[in-house]
$ cat work.cif   # mmCIF, C-alpha atoms
data_final
#
loop_
_atom_site.label_atom_id
_atom_site.label_comp_id
_atom_site.auth_asym_id
_atom_site.auth_seq_id
_atom_site.Cartn_x
_atom_site.Cartn_y
_atom_site.Cartn_z
CA MET T 23 16.40 -18.86 4.90
CA LEU T 24 15.37 -16.78 1.95
CA LYS T 25 12.88 -14.59 3.78
CA GLY T 26 15.30 -11.88 4.90
CA HIS T 27 16.82 -11.55 1.44
CA LEU T 28 13.67 -11.88 -0.63
CA ASP T 29 13.86 -8.29 -1.86
CA ALA T 30 17.38 -8.74 -3.20
CA LEU T 31 16.40 -12.01 -4.89
CA LEU T 32 13.41 -10.38 -6.55
CA LEU T 33 15.58 -7.56 -7.85
CA ALA T 34 18.08 -10.11 -9.20
CA VAL T 35 15.33 -12.04 -11.00
CA LEU T 36 14.00 -8.86 -12.61
CA GLU T 37 17.50 -7.88 -13.70
CA GLU T 38 17.16 -10.49 -16.41
CA GLY T 39 14.14 -8.72 -17.85
CA PRO T 40 10.55 -7.70 -17.09
CA ARG T 41 8.41 -10.44 -15.59
CA HIS T 42 4.99 -10.86 -14.10
CA GLY T 43 4.43 -12.30 -10.62
CA TYR T 44 4.16 -15.95 -11.59
CA ALA T 45 7.24 -15.79 -13.82
CA VAL T 46 9.20 -14.23 -10.96
CA ILE T 47 8.14 -17.06 -8.66
CA GLU T 48 9.11 -19.68 -11.24
CA ALA T 49 12.51 -18.05 -11.75
CA LEU T 50 13.08 -18.03 -7.97
CA ARG T 51 12.14 -21.67 -7.75
CA SER T 52 14.37 -22.85 -10.55
CA ALA T 53 17.31 -20.68 -9.50
CA SER T 54 17.13 -21.90 -5.90
CA ALA T 55 16.93 -25.55 -7.05
CA GLY T 56 13.64 -25.99 -5.29
CA ARG T 57 14.75 -24.53 -1.97
CA PHE T 58 12.33 -21.62 -2.28
CA ASP T 59 9.84 -22.49 0.42
CA LEU T 60 7.90 -19.29 1.02
CA PRO T 61 4.19 -19.29 0.22
CA THR T 62 4.22 -18.04 -3.36
CA GLY T 63 1.40 -15.63 -2.59
CA THR T 64 3.72 -13.59 -0.35
CA VAL T 65 5.92 -12.70 -3.32
CA TYR T 66 3.26 -10.33 -4.62
CA PRO T 67 3.21 -7.96 -1.63
CA ALA T 68 7.02 -7.97 -1.75
CA LEU T 69 6.89 -6.86 -5.39
CA HIS T 70 4.38 -4.16 -4.48
CA ARG T 71 6.68 -2.95 -1.72
CA LEU T 72 9.61 -2.77 -4.14
CA GLU T 73 7.39 -0.78 -6.46
CA ARG T 74 6.48 1.68 -3.71
CA ALA T 75 10.19 2.02 -2.94
CA GLY T 76 10.80 2.95 -6.57
CA LEU T 77 13.04 -0.06 -7.20
CA VAL T 78 10.72 -1.70 -9.70
CA ARG T 79 8.02 -0.38 -11.96
CA GLY T 80 4.80 -2.22 -12.72
CA HIS T 81 2.32 -1.88 -15.55
CA TRP T 82 -0.90 -3.62 -16.52
CA SER T 83 -1.47 -5.54 -19.73
CA THR T 84 -4.11 -7.97 -20.94
CA VAL T 85 -3.01 -11.52 -21.65
CA GLY T 86 -5.44 -14.28 -22.58
CA GLY T 87 -8.41 -12.23 -21.42
CA ARG T 88 -6.84 -11.62 -18.01
CA ARG T 89 -5.29 -8.54 -16.55
CA ARG T 90 -1.61 -9.12 -15.87
CA ARG T 91 0.81 -6.97 -13.94
CA THR T 92 4.41 -7.01 -15.20
CA TYR T 93 7.36 -5.63 -13.28
CA GLU T 94 10.69 -4.29 -14.48
CA LEU T 95 13.75 -3.03 -12.68
CA THR T 96 14.28 0.72 -12.44
CA SER T 97 17.68 2.37 -12.39
CA ALA T 98 17.30 2.85 -8.65
CA GLY T 99 16.56 -0.86 -8.46
CA ARG T 100 19.75 -1.69 -10.35
CA ARG T 101 21.74 0.43 -7.93
CA ALA T 102 20.09 -1.23 -4.93
CA LEU T 103 20.82 -4.65 -6.42
CA GLY T 104 24.47 -3.68 -6.83
CA GLU T 105 24.60 -2.65 -3.17
CA GLU T 106 22.98 -5.90 -2.06
CA ARG T 107 25.50 -7.88 -4.11
CA GLY T 108 28.38 -5.99 -2.51
CA ALA T 109 26.96 -6.49 0.98
CA TRP T 110 26.39 -10.20 0.36
CA LYS T 111 29.89 -10.66 -1.00
CA GLU T 112 31.41 -9.06 2.09
CA PHE T 113 29.20 -11.18 4.34
CA ALA T 114 30.02 -14.41 2.51
CA THR T 115 33.75 -13.63 2.54
CA ALA T 116 33.69 -12.91 6.25
CA VAL T 117 31.82 -16.11 7.09
CA SER T 118 34.10 -18.22 4.89
CA THR T 119 37.13 -16.77 6.57
CA LEU T 120 35.72 -17.42 10.03
CA LEU T 121 34.57 -20.95 9.31
CA GLY T 122 37.87 -21.88 7.69
CA PRO T 123 38.47 -24.44 4.89
CA ALA T 124 36.92 -27.93 5.02
CA PRO T 125 39.45 -30.60 6.10
CA TRP T 126 40.76 -32.78 3.25
CA PRO T 127 39.79 -36.43 3.50
CA ALA T 128 42.67 -38.48 4.87
CA ALA T 129 44.47 -40.64 2.32
CA THR T 130 44.30 -44.41 3.09
CA MET X 22 -13.97 -3.77 11.54
CA ALA X 23 -16.35 -1.02 10.54
CA GLY X 24 -19.01 -1.47 7.88
CA GLY X 25 -19.23 0.09 4.46
CA ASP X 26 -17.12 -1.20 1.65
CA LEU X 27 -14.53 -2.47 4.10
CA ALA X 28 -16.80 -5.06 5.70
CA PRO X 29 -15.31 -8.53 5.46
CA GLY X 30 -17.28 -11.60 4.47
CA ARG X 31 -19.11 -10.16 1.49
CA LEU X 32 -18.24 -12.90 -0.93
CA GLY X 33 -20.01 -11.29 -3.86
CA ARG X 34 -17.10 -8.90 -4.32
CA ALA X 35 -14.52 -11.36 -5.54
CA ALA X 36 -16.97 -13.05 -7.87
CA ARG X 37 -17.72 -9.68 -9.40
CA SER X 38 -14.06 -8.81 -9.80
CA GLY X 39 -13.43 -12.22 -11.32
CA SER X 40 -16.28 -12.02 -13.79
CA ALA X 41 -15.53 -8.45 -14.81
CA ARG X 42 -13.21 -9.69 -17.49
CA ALA X 43 -14.40 -10.87 -20.91
CA GLY X 44 -14.08 -14.63 -21.55
CA GLY X 45 -10.73 -16.18 -22.37
CA ARG X 46 -10.36 -18.21 -19.18
CA THR X 47 -7.99 -21.11 -19.53
CA ALA X 48 -9.23 -24.47 -18.31
CA ALA X 49 -9.07 -24.14 -14.56
CA PRO X 50 -11.04 -25.30 -11.58
CA ALA X 51 -12.61 -21.86 -11.48
CA GLY X 52 -14.61 -22.77 -8.44
CA SER X 53 -11.70 -23.34 -6.11
CA VAL X 54 -9.57 -20.45 -7.40
CA GLU X 55 -12.53 -18.10 -7.19
CA GLY X 56 -13.36 -19.48 -3.77
CA TYR X 57 -9.80 -18.84 -2.66
CA LEU X 58 -9.87 -15.30 -4.02
CA ALA X 59 -13.17 -14.69 -2.27
CA ALA X 60 -11.67 -15.91 0.99
CA LEU X 61 -8.74 -13.57 0.47
CA ASP X 62 -11.00 -10.67 -0.49
CA ALA X 63 -12.88 -11.09 2.77
CA ARG X 64 -9.64 -10.65 4.70
CA LEU X 65 -8.21 -7.62 2.95
CA ALA X 66 -9.02 -4.30 4.61
CA ALA X 67 -8.85 -1.86 1.71
CA PRO X 68 -11.23 0.06 -0.55
CA ARG X 69 -13.00 -1.93 -3.23
CA ARG X 70 -10.93 -0.69 -6.15
CA VAL X 71 -7.65 -1.50 -4.43
CA ARG X 72 -8.82 -4.98 -3.51
CA ALA X 73 -10.03 -5.61 -7.06
CA ALA X 74 -6.63 -4.75 -8.50
CA VAL X 75 -4.84 -7.03 -6.04
CA LEU X 76 -7.22 -9.90 -6.72
CA ALA X 77 -6.93 -9.44 -10.49
CA GLU X 78 -3.16 -9.78 -10.28
CA LEU X 79 -3.34 -12.83 -8.03
CA GLU X 80 -5.99 -14.45 -10.17
CA ASP X 81 -3.68 -14.20 -13.18
CA GLY X 82 -0.86 -15.88 -11.26
CA LEU X 83 -3.06 -18.59 -9.81
CA LEU X 84 -4.70 -19.49 -13.11
CA GLU X 85 -1.31 -19.68 -14.76
CA ALA X 86 -0.01 -21.92 -11.97
CA VAL X 87 -2.98 -24.22 -12.51
CA ALA X 88 -2.60 -24.20 -16.31
CA VAL X 89 1.08 -25.12 -16.07
CA ARG X 90 0.25 -28.11 -13.89
CA VAL X 91 -2.58 -29.20 -16.16
CA ALA X 92 -0.21 -28.98 -19.14
CA ALA X 93 2.22 -31.17 -17.17
CA GLY X 94 -0.44 -33.85 -16.97
CA LEU X 95 -2.18 -33.23 -13.66
CA ALA X 96 -5.95 -33.49 -13.48
CA GLU X 97 -7.73 -30.18 -12.98
CA PRO X 98 -8.88 -30.60 -9.38
CA ALA X 99 -5.43 -31.82 -8.30
CA ALA X 100 -3.74 -29.01 -10.24
CA GLY X 101 -5.97 -26.43 -8.56
CA ALA X 102 -5.42 -27.85 -5.11
CA ALA X 103 -1.66 -27.99 -5.61
CA ALA X 104 -1.48 -24.43 -6.92
CA LEU X 105 -3.53 -23.13 -4.02
CA ALA X 106 -1.57 -25.09 -1.43
CA GLU X 107 1.67 -23.68 -2.80
CA PHE X 108 0.23 -20.17 -2.88
CA GLY X 109 -0.37 -20.16 0.84
CA ASP X 110 -3.50 -20.11 2.96
CA PRO X 111 -5.61 -16.96 2.65
CA ALA X 112 -4.82 -15.80 6.19
CA THR X 113 -1.06 -15.87 5.59
CA VAL X 114 -1.26 -14.15 2.22
CA ALA X 115 -3.68 -11.52 3.49
CA ALA X 116 -1.39 -10.83 6.44
CA ALA X 117 1.49 -10.32 3.99
CA PHE X 118 -0.56 -7.81 1.98
CA GLN X 119 -2.10 -5.83 4.79
CA PRO X 120 0.88 -3.64 5.84
CA GLY X 121 1.28 -2.47 2.24
CA LEU X 122 -2.42 -1.76 1.95
CA ALA X 123 -2.36 0.20 5.19
CA ALA X 124 0.64 2.19 4.00
CA ARG X 125 -1.07 2.93 0.72
CA GLN X 126 -4.25 4.07 2.49
CA ALA X 127 -2.29 6.36 4.79
CA ARG X 128 -0.40 7.97 1.92
CA ALA X 129 -3.54 8.42 -0.19
CA THR X 130 -5.37 9.99 2.74
CA VAL X 131 -2.61 12.46 3.48
CA ALA X 132 -2.10 13.29 -0.19
CA GLY X 133 -5.80 14.10 -0.50
CA LEU X 134 -5.70 16.31 2.59
CA LEU X 135 -2.66 18.17 1.31
CA ARG X 136 -4.50 18.87 -1.93
CA SER X 137 -7.76 19.98 -0.36
CA GLY X 138 -6.30 21.79 2.66
CA PRO X 139 -4.78 24.84 0.97
CA LEU X 140 -7.87 25.15 -1.24
CA LEU X 141 -10.15 25.25 1.77
CA GLY X 142 -7.80 27.61 3.55
CA LEU X 143 -8.09 29.94 0.58
CA CYS X 144 -11.89 29.72 0.53
CA TRP X 145 -12.33 30.47 4.21
CA GLY X 146 -9.59 33.10 4.17
CA ALA X 147 -11.33 34.80 1.27
CA THR X 148 -14.57 34.67 3.23
CA LEU X 149 -12.95 36.38 6.19
CA LEU X 150 -11.36 39.03 4.01
CA ALA X 151 -14.57 39.68 2.08
CA SER X 152 -16.37 40.01 5.40
CA GLY X 153 -14.01 42.73 6.48
CA VAL X 154 -11.82 40.67 8.76
CA THR X 155 -8.18 41.49 8.10
CA PRO X 156 -5.09 41.26 10.29
CA TRP X 157 -5.43 45.00 10.80
CA HIS X 158 -9.15 45.31 11.45
CA ARG X 159 -11.10 42.63 13.28
CA PRO X 160 -14.69 43.66 13.96
CA HIS X 161 -15.47 40.57 16.02
CA ALA X 162 -12.15 40.36 17.75
CA GLY X 163 -13.01 38.09 20.68
CA PRO X 164 -13.63 34.63 19.25
CA LEU X 165 -11.34 35.13 16.25
CA THR X 166 -8.33 36.02 18.37
CA VAL X 167 -8.59 32.61 19.94
CA ALA X 168 -9.89 30.68 16.95
CA LEU X 169 -7.40 31.66 14.28
CA PRO X 170 -4.23 30.71 16.18
CA LEU X 171 -5.93 27.45 17.14
CA VAL X 172 -6.66 26.77 13.49
CA GLY X 173 -3.04 27.53 12.70
CA LEU X 174 -1.92 25.06 15.36
CA LEU X 175 -4.17 22.30 14.07
CA VAL X 176 -2.99 22.90 10.51
CA ALA X 177 0.62 22.62 11.72
CA VAL X 178 -0.22 19.29 13.38
CA VAL X 179 -1.80 18.06 10.14
CA TRP X 180 1.37 18.97 8.27
CA LEU X 181 3.51 17.16 10.84
CA ALA X 182 1.31 14.10 10.51
CA ALA X 183 1.67 14.29 6.73
CA VAL X 184 5.46 14.42 6.97
CA ALA X 185 5.44 11.48 9.39
CA THR X 186 3.22 9.45 7.06
CA PHE X 187 5.37 10.01 3.99
CA ALA X 188 8.60 9.48 5.89
CA ALA X 189 7.44 6.23 7.45
CA THR X 190 6.11 4.75 4.23
CA GLY X 191 8.21 6.45 1.60
CA ARG X 192 11.47 5.36 0.06
CA LEU X 193 13.48 6.16 3.16
CA GLY X 194 11.15 4.22 5.43
CA LEU X 195 11.06 1.28 3.04
CA SER X 196 14.81 1.09 2.62
CA LEU X 197 15.23 1.11 6.40
CA ALA X 198 12.76 -1.74 6.64
CA ARG X 199 14.72 -3.69 4.03
CA ARG X 200 17.97 -3.23 5.88
CA SER X 201 16.50 -4.31 9.19
CA SER X 202 14.95 -7.36 7.56
CA ALA X 203 18.25 -8.37 5.97
CA ALA X 204 19.79 -8.12 9.44
CA GLY X 205 17.18 -10.59 10.60
CA ALA X 206 14.90 -8.35 12.62
CA GLY X 207 11.95 -10.73 13.03
CA SER X 208 8.58 -9.54 11.87
CA ALA X 209 9.87 -6.10 10.96
CA TRP X 210 10.39 -7.37 7.46
CA GLN X 211 7.31 -5.47 6.42
CA GLY X 212 8.31 -2.36 8.36
CA SER X 213 5.03 -2.63 10.22
CA ALA X 214 6.06 -0.23 12.97
CA GLY X 215 6.43 2.50 10.37
CA VAL X 216 3.13 1.52 8.80
CA ARG X 217 1.34 1.84 12.14
CA LEU X 218 2.87 5.26 12.69
CA ALA X 219 1.80 6.33 9.21
CA GLY X 220 -1.71 4.94 9.63
CA TYR X 221 -2.36 6.65 12.95
CA ALA X 222 -0.79 9.88 11.76
CA ALA X 223 -2.95 9.90 8.64
CA ALA X 224 -6.08 9.03 10.62
CA THR X 225 -5.32 11.87 13.02
CA ALA X 226 -4.74 14.29 10.16
CA GLY X 227 -8.07 13.31 8.60
CA LEU X 228 -9.89 13.72 11.87
CA LEU X 229 -8.33 17.13 12.49
CA CYS X 230 -9.28 18.32 9.02
CA ALA X 231 -12.85 17.11 9.49
CA THR X 232 -12.91 18.95 12.80
CA LEU X 233 -11.67 22.13 11.14
CA ASP X 234 -14.39 21.84 8.52
CA LEU X 235 -17.03 21.23 11.16
CA SER X 236 -15.85 24.15 13.25
CA ALA X 237 -15.81 26.51 10.27
CA LEU X 238 -19.32 25.45 9.30
CA ALA X 239 -20.55 25.82 12.87
CA ALA X 240 -18.98 29.27 13.18
CA LEU X 241 -20.55 30.31 9.88
CA ALA X 242 -23.94 29.03 11.02
CA TRP X 243 -23.68 30.95 14.27
CA VAL X 244 -22.69 34.18 12.52
CA ALA X 245 -25.40 33.74 9.90
CA ALA X 246 -27.96 33.27 12.66
CA ASN X 247 -26.84 36.11 14.91
CA ALA X 248 -25.26 38.70 12.62
CA PRO X 249 -26.33 37.85 9.08
CA GLY X 250 -25.00 40.98 7.52
CA ALA X 251 -21.51 40.45 8.91
CA VAL X 252 -20.46 37.76 6.47
CA ALA X 253 -20.00 38.03 2.72
CA ALA X 254 -22.57 35.65 1.27
CA VAL X 255 -20.93 34.37 -1.91
CA PRO X 256 -17.46 33.52 -0.59
CA ALA X 257 -19.10 32.02 2.48
CA ALA X 258 -21.33 29.82 0.34
CA VAL X 259 -18.33 28.61 -1.68
CA ALA X 260 -16.28 27.89 1.42
CA ALA X 261 -19.20 26.17 3.12
CA SER X 262 -19.82 23.95 0.10
CA ALA X 263 -16.17 22.99 -0.05
CA SER X 264 -16.15 22.10 3.64
CA LEU X 265 -19.40 20.17 3.30
CA VAL X 266 -17.72 18.02 0.65
CA ARG X 267 -14.40 17.68 2.43
CA LEU X 268 -15.80 16.91 5.88
CA PRO X 269 -17.25 13.45 5.15
CA THR X 270 -14.39 12.64 2.76
CA ALA X 271 -11.81 13.30 5.44
CA ALA X 272 -13.79 11.39 8.04
CA VAL X 273 -14.20 8.34 5.78
CA ALA X 274 -10.51 8.41 4.84
CA SER X 275 -9.57 8.56 8.50
CA ARG X 276 -11.76 5.58 9.28
CA ARG X 277 -10.27 3.65 6.35
CA CYS X 278 -6.78 4.26 7.73
CA LEU X 279 -7.79 2.77 11.06
CA ALA X 280 -9.61 -0.13 9.41
CA ALA X 281 -6.52 -0.93 7.35
CA LEU X 282 -4.45 -1.02 10.55
CA ALA X 283 -6.84 -3.25 12.48
CA PRO X 284 -5.74 -6.62 11.00
CA LEU X 285 -2.12 -5.78 11.80
CA GLY X 286 -2.89 -6.41 15.47
#

$ encode --input "work.cif" --output "structure tokens"
Amino acid sequence: MLKGHLDALLLAVLEEGPRHGYAVIEALRSASAGRFDLPTGTVYPALHRLERAGLVRGHWSTVGGRRRRTYELTSAGRRALGEERGAWKEFATAVSTLLGPAPWPAAT
Amino acid sequence: MAGGDLAPGRLGRAARSGSARAGGRTAAPAGSVEGYLAALDARLAAPRRVRAAVLAELEDGLLEAVAVRVAAGLAEPAAGAAALAEFGDPATVAAAFQPGLAARQARATVAGLLRSGPLLGLCWGATLLASGVTPWHRPHAGPLTVALPLVGLLVAVVWLAAVATFAATGRLGLSLARRSSAAGAGSAWQGSAGVRLAGYAAATAGLLCATLDLSALAALAWVAANAPGAVAAVPAAVAASASLVRLPTAAVASRRCLAALAPLG
């Protein structure tokens, strides 16, 4: 379910502040209430792709003797996130309208 | 896949990239994480430095995933196994990385050619001018009348390939891939069609540039053998040296582009 919208979700996670790969994965997991079922390793190439697209920016640091790559949203990334939000809102509104309201339970 | 530093199965690589850091490892089943990274390293078709950077980033994430589980009370072997299982099997993760690696290789190849091309053009052009060959006076008209337009054509093709590479893998190409993936277009979520185009275009550009270098060197050798006085020695030596450096570089880059595309199937 999340695969097609992974990019938008990653941008949304990074909107809250710079994060490294594992922190992004954890944020996705907690925000999706455990429904995030992609192999966590595939988040990294998605982040790299966003970086190549200029939507996020990555930099290296050293933490606990390890090299860590941290990503932050760029202004282009913020704009793209805004567009994705708008597109999702339209989509959700359209589907809700089409599906109609849930029937109320009958009173006994 | 071809040999050289792209050969899969050389497990020493990942161990070296893992041990390149000074101490400070958190308690982790280093064996299984390093084994996993080695398995991944063997599947990635990219130059050594690129692979090392990818593995360093993944190692950080994996070790943290293990440490978090250990802190939550899991025993080390179980924590390691759980972290690795959640990460995904090496084949899946490698397949997710490969299109990006191929795109990166294509762009780097073309960027290098665009930097070296004009320089080499200048060197060989200077050689022709210093040897008395100008648009107005061509002492050895025959072969040059055919050769120079051909060179111009090949250079134009290289430029076209460069444009195709950047377009297919640049911001425009990536945003198109994102839109098609959001619309649910199957495996296009990595934009792999664009990556293939870029990879083949870059490989072609590299091959054409290597061919141009080879042809220039061959022509110089022929002239030097048959009419030694006809060519200006110093500019020719400079141009020849430049081509001798660029020729294998372009050929290797071209091969790397193809090698990076191979796992994409």

$ closest_residue --input "work.cif" --among "T:Arg100, T:Arg41, T:Arg79, T:Arg71" --to "chain X" --atoms "all atoms listed in the file"
T:Arg71

$ resolve_selection --input "work.cif" --expression "the PyMOL selection byres ((chain T) within 12 of (chain X))" --output "PyMOL selection string"
chain T and resi 23-31+41-48+51+58-77+80-93+98-99+102+105-106+109-110+113

$ resolve_selection --input "work.cif" --expression "the PyMOL selection byres ((chain X and resi 57) around 10)" --output "VMD selection string"
chain X and resid 35 51 to 56 58 to 63 80 83 105 110 to 111

$ atom_distance --input "work.cif" --atom1 "CA of Ala248 (chain X)" --atom2 "CA of Ala271 (chain X)"
29.6 Å

$ resolve_selection --input "work.cif" --expression "the PyMOL selection byres ((chain X and resi 218) around 12)" --output "VMD selection string"
chain X and resid 120 123 to 124 127 to 128 182 to 190 194 212 to 217 219 to 225 278 to 279 282

$ atom_distance --input "work.cif" --atom1 "CA of Val154 (chain X)" --atom2 "CA of Leu228 (chain X)"
27.2 Å

$ closest_residue --input "work.cif" --among "X:Ala93, X:Val266, X:Ala260, X:Ala274" --to "Thr148 (chain X)" --atoms "all atoms listed in the file"
X:Ala260

$ atom_distance --input "work.cif" --atom1 "CA of Leu235 (chain X)" --atom2 "CA of Ala263 (chain X)"
11.4 Å

$ residues_around --input "work.cif" --residues "Ser137 (chain X)" --least-positions-apart "2" --cutoff "12 Å" --atoms "only C-alpha atoms" --output "list in words"
Thr130, Val131, Ala132, Gly133, Leu134, Leu135, Pro139, Leu140, Leu141, Gly142, Leu143, Cys144, Gly227, Cys230, Ala231, Asp234, Ala260, Ala263, Ser264, Val266, Arg267, Leu268, Thr270 and Ala271 of chain X
